[in-house]
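Colleague: Let me give you the structure first, and then I'll get to my questions.
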Amino acid sequence: MINERCAKILYHIINEQEPIKLIELSEMFKVSMRTIRYDIEKIDEFLLSNDLTPIGKNSNLGISYMVNKEHIKKLKVLICNKKFNEYILNSDERVSYILLSMFESNEYVVIDTLAESIKVSRSTIINDLKKVRKWLKDHKLKMQAIPSKGIKIIGNEKYYRSAILYLLFESLKFIGTDSISKTETINPKMLNEKFNNIFDDLDIEVIKETVGIAEKQLNKYLLDESYSSLVLHIALAIKRIQFGKDIHMSSNELKILKVSNEFSVASVMVKTLEEKFNINFPIDEVGYITLHLLSGKENSKKSEIHKDVNWVQIEALSSKIIENVGKQMGVDFGDNDEIYEGLLKHLIPTIYRLKNNLPLYNPMLNEIKEQYSLMFDKVRSSIEPLEKFIGQKIPDEELGYITLHFGAAYERKKNKHKAVYNVILICSTGVGTSKLLESRLNSEFHNFRIIENVSSHQVKFMNLEKIDLILSTIPLEYFYKPILIVSPMLPDKDIEKINKFCRENSPIKGGESYKHIGLLNEIISIVEDNCSIICKEKLINELSKCIKNAGQLDTKEVIQPMLSELLTKDTIRANVYAADWKEAVRQGGALLVDNGCIEPRFIDAMIETVIEMGPYIVIVPGIALPHARPSEGVIKLGMSLIKLSVPVNFGSEDNDPVSVVICLGAIDNYSHSKALSTLVDLFNDEEKVEMLKNANSVEEILPLLKDKDENDFD
C-alpha cells in the first residue's frame, strides 16, 4: 500500500525525462531526505508486488524510471483501477470528494452514505464538514444541513457553477485539453468517478469541436487553461439546464454583450449544441458563454484593445500599475513596451473574469510566491487602481499571473542577446507565463529565437519545418520535432536539459533580425530636409506604428506627452452650459476639432458609443470620459476638458450627475498612456476631484492636472 505522497512522487519520477536527485524531491515535497528514502522503498515494494520494474537508482545522477510506454500505461491503469482501492483519502481529498458528491447530486447527500463510500467514521465526515463550509463560504456559497435529509449546497447559480469549475481544476489538476476527456490524475479512482458522474452521458468531444469552430470564427486561439474552462463550462451549463437551473443576467449587461462579435459566435455555438443535446439555451446562457469567450486568455500577439468597451480605462490602469510597481521595485519599467502590451492584453479578460466571478485556477501560485516573493508583494501593494475599478480585492490567483508579467519584464532588462535556435513555447496558463519562460530562456541562452508562444491544441496545425525545438510546460503527444518539458521558472535541471539538447543538436541556419533604435529620428530628419511637415506629431506616431509592425522599433519611442501638455488653456473651458449629456459631449469634442485633433465625425462616434454601450464612460462620480476608436476620425492625439456650470445626467446610476467632461482622441495604444496614468492619480484623489468639480475658472483647473513629477520639479 502506498499513500498520497508516494503516488505523487511516483508520477513525478515517471514524467521526468532525466534522473532526479533525492534532494530535489525533498525540497519539492517539503519533507526530509530520510522520508523520501522511506517513500522510495514503499514505492519499490508496491511495484514489485505488482510484477513491475522497481525504480532505477544511480548514486551520482539520482533516481529514474526508464521503461517503455506499455509499462508506464500498465502502471497508470493499476493506480486508478480497483486494485488500488486500499488508497486511503487524506483530509483534503475527503473534502474534495464531499464537495464533488454535493455538486453531483441535485438532492440532499446523506452523511452516513459519504462515510461508507470513503470508508471513514461518521465523526470524521462531520469534522471534515467544517472545511467544506469554509471552502463554500470562500466561493460565496453555503452548506445547508437538515438532520432528516442530509447536506446540500445553496446559493447563486453563477457562484455555484464557478465553484464547481474551480474545484475540478483544483482537485483533478487538469493539464492541457486532453485531460478533459480522460481524467488521468494522481488522485484515486473515486475522485475521477465523481468527475465522470458530473458529466455523465455528455459527449465532450462534440463540445470541444464547437469551441474549436468558435476560435476560428473569432480568429483567436485560447490558451489551454481558458479552452478547458470554456469546454467544461458548456458541459456544466448543459447539465444544469437539464436540471432546470439556468443563469440570469441583467438586461443592461446583455445589451452591452449583444453588440460584440463574441455574442454572435456564442449564438451560433448554442444552435449547434441545442441540436446535438436536444435542449434549449435561454438567452442569458448565451450571454454567459459570451463572457467566457471575452474572458478567455488567448495567444494572439496583437492586442485588439479598441474593440473593448472599457479600453481607455484599461490603458490607464495598465500605465498606473506599471508605474506603481516600478516605484515599489526601484526599477524603470516605463522603457519596456512589452510589459505594457502584455499587461494591457492580460487585463482585458481579467476584468471580465473578476466582474462576473468566473473561475481562475493558477497551478503555479505557490511556485510564483516562493520564487518571486518580493515582487508578488510589490504587485499586491501596487494594484489598488485595478481594485477600485472592479470594486473588489484581486485574488492571489490573478496576482500571481500579473506578477509573472513583471518577472518577465525584469528578466528582459537583463537580456541583450540574439537568437540562433528557432524555438516554439507552449504554455497552458497564459501570456505572462510564456513571457516569463521566454525571458528566462533569453537570459540563460544567448542563441535562442522564440518564434511563437502557442497552446497545445494550436501547435498541431502549425508548420514546424523551420523549428529547431519545442519547449512545453505540459506533457505533449509526439511531434516530428524535438520536445522538452520544462517549468516556466526554468530551474537548474531544466537549463541542463536544454544545454544537453544544444550540445547534441545543431540549429537550422538563418539570418538575424536587428532593431534600429535611431531609425525613426533619421527618417524624420530626412523628411524635414526635403519636405514640409503639416503635422509632425501625427507623422511620428504613424511612422512609429509602421516601423514597429515591421519589427524594427519599440513602442517606447512613441512620444508620450504629459496630461498638462494635452490639457492646456486652449483645450479647457469652465462654466460651460449644456442642456443635456449629448450637448456636453459635443462642446468637449468641438474643442478637439478647433485644435486640429479630430474630425467632426468623431464627435458623433462618441455619442453613438454611449447610446450603444450605455453610460460606462462616467468612470467616477461626477466625471465622464467620452471617447471612440481612433479609426472614427482622430487626426492627432488630443484631450479636452469642460467644467459644466450645471451638472447633467448621462444615465449612470452610480456616478451621475456629471460636472466634468474630458474628451479623448487617441491615435494608438501607447502615446496617451502617461497622461492617462496622471488621470488615474487624479481620480483616486477625492480632494482633487472635489476641487475640480467645484472649479470656476481655467486657472483653478490647470494646477490640478500636473502629475507628481511636475509638482516635485516645481
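By order of appearance in the C-alpha cells: chains A, B, ..., then residues from 1 within every chain, and ligands from 1 in the order shown.
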Find the spatial neighbours of Asn357 (chain A), counting only C-alpha atoms, within a cut-off of 10 Å - ignore same-chain residues fewer than 5 positions away - and output them as a list of chain:residue names.

Modeller: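 Counting only C-alpha atoms, the residues come to A:His139, A:Lys140, A:Lys158, A:Tyr159, A:Arg161, A:Ser162, A:Ala163, A:Ile351, A:Tyr352.
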
Colleague: Fewer than 6 positions away in the same chain doesn't count, so skip those; otherwise give me all residues within 8 Å of region 214-216 of chain A, counting only C-alpha atoms, as a ChimeraX atom specification.

Modeller: /A:222,265-266,269

Colleague: CA of Glu370 (chain A) to CA of Pro488 (chain A): how many Å, to one decimal?

Modeller: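 Atom-to-atom, CA of Glu370 (chain A) to CA of Pro488 (chain A), that is 13.5 Å.
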
Colleague: Applying 12 Å and only C-alpha atoms, which residues near Glu387 (chain A) remain after dropping the ones on its own chain fewer than 4 positions away? List them as JSON, numbers by chain.

Modeller: {"A": [317, 321, 347, 350, 351, 354, 355, 380, 381, 382, 383, 391, 392, 393, 394, 395, 398, 399, 684]}

Colleague: Record the distance separating CA of Glu338 (chain A) and CA of Ala409 (chain A), expressed in Å with one decimal.

Modeller: 7.3 Å

Colleague: Mind checking which residues fall within 10 Å of Lys693 (chain A), counting only C-alpha atoms, ignoring those fewer than 5 positions away in the same chain, and posting them as number ranges by chain?

Modeller: A: 621-623, 643-645, 647, 658-660, 688, 701

Colleague: Tell me, which residues of region 433-503 of chain A carry DSSP alpha helix (DSSP H), written as a ChimeraX atom specification?

Modeller: /A:433-444,456-459,492-503

Colleague: Write out as a ChimeraX atom specification the residues lying within 7 Å of Leu425 (chain A), counting only C-alpha atoms and excluding same-chain residues fewer than 3 positions away.

Modeller: /A:434,452-454,470-472

Colleague: What's the separation between CA of Leu254 (chain A) and CA of Leu294 (chain A), in Å to one decimal place?

Modeller: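 Rounded to one decimal, the two atoms are 13.3 Å apart.
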